[in-house]
Amino acid sequence: MKLTSILSFVVLSVFAASAAQAERCTSNLSGGQDCTYGDGTTSRSTSNLSGGYDTVYSDGRTSRSTSNLSGGLDTSYGDGTTSRSTSNLSGGYDTTYSDGRNSRSTSNLSGGYDTSYSDGTTSRSTSNLSGGHDTTTINRGNSKADTRHPAGAR
């Protein structure tokens with residue numbers, strides 16, 4: 001899978017924190033993306049030598065991902081939780097988290113992904129002219145799913 005599509009999905013994964021509603025991401029010169037979220041936080045991801053991404057958020061959160069043999073990423077978060085994503089037949093990723101959550105994404109006709117989370121939240125991303133994606137939460141589930149995507153957490 002091309003690096004850009006991997007990073008695009010990375011931008012869609014869930015991280016247990018507050019409920020950011022929408023985001024806009026643009027490509028950066030470090031092989032990653034710079035993102036701004038609806039709650040005012042920002043993130044910057046950079047590609048690493050392990051085929052993944054290192055991500056730092058303005059609220060202090062961090063994540064580091066490495067590519068795995070299933071076409072996805074293994075991600076470790078600063079709070080000690082982890083996630084593992086695998087590519088699926090729908091052009092997206094299935095992701096499981098160490099805290100019991102999961103998500104499934106499928107590619108859409110807008111160059112992005114439609115993602116469903118285990119708490120009932122759904123989101124849709126579309127590609128933008130800045131080499132990134134714009135993501136909107138369509139349906140907020142019953143918990144605090146966070147559609148801010150630590151690069152590397154597919």
# chains A, B, ... in the order shown; residues from 1 in each chain; ligands from 1

$ residues_around --residues "Ser47 in chain A" --least-positions-apart "5" --cutoff "6 Å" --atoms "only C-alpha atoms" --output "NGL selection string"
:A and (31-32 or 52-53)

$ write_last_selection --atoms "C-alpha atoms" --output "compact mmCIF listing (two decimals), in the first residue's frame"
# COMPACT_ATOMS: atom_id res chain seq x y z
CA GLY A 31 6.84 12.87 5.48
CA GLY A 32 3.88 13.28 7.79
CA GLY A 52 5.56 4.40 10.71
CA TYR A 53 5.07 7.82 12.27

$ select_by_dssp --residues "range 25-133 of chain A" --states "strand (DSSP E or B)" --output "short mmCIF file (atom, residue, chain, number, x, y, z; two decimals) with N, CA and C atoms, in the first residue's frame"
data_model
loop_
_atom_site.label_atom_id
_atom_site.label_comp_id
_atom_site.auth_asym_id
_atom_site.auth_seq_id
_atom_site.Cartn_x
_atom_site.Cartn_y
_atom_site.Cartn_z
N CYS A 25 -6.06 18.21 7.80
CA CYS A 25 -4.66 17.83 7.80
C CYS A 25 -4.02 18.20 6.46
N THR A 26 -2.76 18.60 6.53
CA THR A 26 -1.98 18.92 5.34
C THR A 26 -0.65 18.18 5.40
N SER A 27 -0.11 17.84 4.25
CA SER A 27 1.20 17.18 4.19
C SER A 27 2.27 18.13 4.70
N GLN A 33 2.02 14.63 8.49
CA GLN A 33 0.96 15.61 8.31
C GLN A 33 0.85 16.51 9.52
N ASP A 34 0.44 17.75 9.26
CA ASP A 34 0.11 18.71 10.31
C ASP A 34 -1.41 18.81 10.34
N CYS A 35 -2.00 18.66 11.52
CA CYS A 35 -3.46 18.63 11.64
C CYS A 35 -3.95 19.65 12.66
N THR A 36 -5.12 20.18 12.40
CA THR A 36 -5.82 21.07 13.31
C THR A 36 -7.20 20.48 13.56
N TYR A 37 -7.62 20.46 14.84
CA TYR A 37 -8.87 19.81 15.24
C TYR A 37 -9.89 20.83 15.69
N THR A 42 -3.70 20.77 17.99
CA THR A 42 -3.00 20.52 16.74
C THR A 42 -2.10 19.29 16.93
N SER A 43 -1.65 18.71 15.81
CA SER A 43 -0.69 17.62 15.88
C SER A 43 0.26 17.72 14.70
N ARG A 44 1.44 17.14 14.90
CA ARG A 44 2.43 17.07 13.82
C ARG A 44 2.99 15.66 13.83
N SER A 45 2.91 14.99 12.67
CA SER A 45 3.49 13.66 12.55
C SER A 45 4.68 13.72 11.60
N THR A 46 5.66 12.88 11.89
CA THR A 46 6.84 12.76 11.03
C THR A 46 7.07 11.28 10.77
N SER A 47 7.50 10.94 9.57
CA SER A 47 7.78 9.54 9.28
C SER A 47 9.03 9.11 10.05
N TYR A 53 5.11 6.38 12.00
CA TYR A 53 5.07 7.82 12.27
C TYR A 53 5.23 8.11 13.74
N ASP A 54 5.88 9.22 14.03
CA ASP A 54 5.94 9.76 15.38
C ASP A 54 5.04 10.98 15.39
N THR A 55 4.13 11.05 16.36
CA THR A 55 3.16 12.14 16.41
C THR A 55 3.20 12.82 17.77
N VAL A 56 3.16 14.15 17.74
CA VAL A 56 3.11 14.96 18.95
C VAL A 56 1.92 15.90 18.83
N TYR A 57 1.12 15.97 19.90
CA TYR A 57 -0.05 16.83 19.96
C TYR A 57 0.25 18.05 20.83
N THR A 62 1.41 11.84 22.80
CA THR A 62 2.38 11.38 21.81
C THR A 62 2.01 9.97 21.35
N SER A 63 2.49 9.59 20.18
CA SER A 63 2.37 8.21 19.73
C SER A 63 3.54 7.89 18.80
N ARG A 64 3.85 6.61 18.71
CA ARG A 64 4.89 6.12 17.80
C ARG A 64 4.38 4.84 17.16
N SER A 65 4.45 4.78 15.84
CA SER A 65 3.98 3.59 15.14
C SER A 65 5.09 2.96 14.31
N THR A 66 4.94 1.67 14.09
CA THR A 66 5.84 0.92 13.21
C THR A 66 4.98 0.09 12.27
N SER A 67 5.45 -0.13 11.05
CA SER A 67 4.68 -0.94 10.11
C SER A 67 4.71 -2.40 10.56
N LEU A 73 -0.26 -0.84 10.97
CA LEU A 73 0.69 -0.26 11.90
C LEU A 73 0.45 -0.76 13.31
N ASP A 74 1.53 -0.93 14.05
CA ASP A 74 1.47 -1.18 15.49
C ASP A 74 1.84 0.14 16.15
N THR A 75 1.00 0.61 17.06
CA THR A 75 1.18 1.93 17.63
C THR A 75 1.23 1.87 19.15
N SER A 76 2.17 2.60 19.71
CA SER A 76 2.28 2.76 21.17
C SER A 76 1.99 4.23 21.48
N TYR A 77 1.13 4.46 22.47
CA TYR A 77 0.74 5.80 22.88
C TYR A 77 1.44 6.19 24.17
N THR A 82 -1.86 0.64 23.47
CA THR A 82 -1.34 0.27 22.16
C THR A 82 -2.50 -0.01 21.20
N SER A 83 -2.20 -0.05 19.91
CA SER A 83 -3.18 -0.48 18.92
C SER A 83 -2.47 -1.23 17.81
N ARG A 84 -3.24 -2.04 17.11
CA ARG A 84 -2.72 -2.80 15.96
C ARG A 84 -3.75 -2.72 14.85
N SER A 85 -3.30 -2.28 13.68
CA SER A 85 -4.20 -2.22 12.53
C SER A 85 -3.73 -3.20 11.47
N THR A 86 -4.71 -3.73 10.73
CA THR A 86 -4.44 -4.62 9.61
C THR A 86 -5.26 -4.14 8.43
N SER A 87 -4.72 -4.26 7.24
CA SER A 87 -5.48 -3.84 6.06
C SER A 87 -6.63 -4.82 5.84
N TYR A 93 -8.81 -0.32 6.99
CA TYR A 93 -8.08 -0.99 8.06
C TYR A 93 -9.01 -1.40 9.18
N ASP A 94 -8.69 -2.52 9.80
CA ASP A 94 -9.35 -2.96 11.03
C ASP A 94 -8.35 -2.72 12.15
N THR A 95 -8.79 -2.04 13.19
CA THR A 95 -7.88 -1.67 14.27
C THR A 95 -8.44 -2.14 15.60
N THR A 96 -7.58 -2.75 16.41
CA THR A 96 -7.94 -3.14 17.76
C THR A 96 -7.02 -2.40 18.72
N TYR A 97 -7.59 -2.00 19.85
CA TYR A 97 -6.87 -1.23 20.87
C TYR A 97 -6.74 -2.05 22.14
N ASN A 102 -12.35 -0.97 19.19
CA ASN A 102 -11.94 -1.34 17.84
C ASN A 102 -12.59 -0.40 16.84
N SER A 103 -12.05 -0.39 15.63
CA SER A 103 -12.62 0.42 14.55
C SER A 103 -12.40 -0.30 13.23
N ARG A 104 -13.24 0.06 12.25
CA ARG A 104 -13.13 -0.50 10.90
C ARG A 104 -13.33 0.63 9.92
N SER A 105 -12.40 0.75 8.98
CA SER A 105 -12.53 1.78 7.95
C SER A 105 -12.62 1.13 6.58
N THR A 106 -13.31 1.82 5.68
CA THR A 106 -13.39 1.40 4.29
C THR A 106 -13.09 2.62 3.43
N SER A 107 -12.44 2.41 2.30
CA SER A 107 -12.14 3.55 1.43
C SER A 107 -13.45 4.05 0.81
N TYR A 113 -11.75 7.86 3.82
CA TYR A 113 -12.23 6.66 4.50
C TYR A 113 -13.51 6.95 5.26
N ASP A 114 -14.38 5.95 5.31
CA ASP A 114 -15.52 5.95 6.21
C ASP A 114 -15.15 5.01 7.34
N THR A 115 -15.25 5.50 8.57
CA THR A 115 -14.78 4.72 9.72
C THR A 115 -15.89 4.56 10.74
N SER A 116 -16.04 3.33 11.24
CA SER A 116 -17.00 3.02 12.30
C SER A 116 -16.22 2.56 13.52
N TYR A 117 -16.59 3.10 14.68
CA TYR A 117 -15.92 2.79 15.93
C TYR A 117 -16.84 1.95 16.80
N THR A 122 -19.22 7.33 14.01
CA THR A 122 -18.78 7.15 12.63
C THR A 122 -18.17 8.46 12.15
N SER A 123 -17.22 8.36 11.23
CA SER A 123 -16.60 9.54 10.66
C SER A 123 -16.35 9.32 9.18
N ARG A 124 -16.21 10.42 8.46
CA ARG A 124 -15.93 10.38 7.03
C ARG A 124 -14.81 11.37 6.73
N SER A 125 -13.84 10.90 5.93
CA SER A 125 -12.77 11.80 5.50
C SER A 125 -12.81 11.93 3.98
N THR A 126 -12.38 13.09 3.52
CA THR A 126 -12.25 13.36 2.09
C THR A 126 -10.88 13.95 1.84
N SER A 127 -10.28 13.64 0.70
CA SER A 127 -8.97 14.21 0.40
C SER A 127 -9.12 15.70 0.12
N HIS A 133 -6.30 15.24 4.42
CA HIS A 133 -7.72 14.88 4.48
C HIS A 133 -8.46 15.80 5.43
#

$ atom_distance --atom1 "CA of Ser98 in chain A" --atom2 "CA of Gly132 in chain A"
27.6 Å

$ atom_distance --atom1 "CA of Gly92 in chain A" --atom2 "CA of Asn68 in chain A"
14.9 Å

$ atom_distance --atom1 "CA of Gly78 in chain A" --atom2 "CA of Glu23 in chain A"
21.2 Å
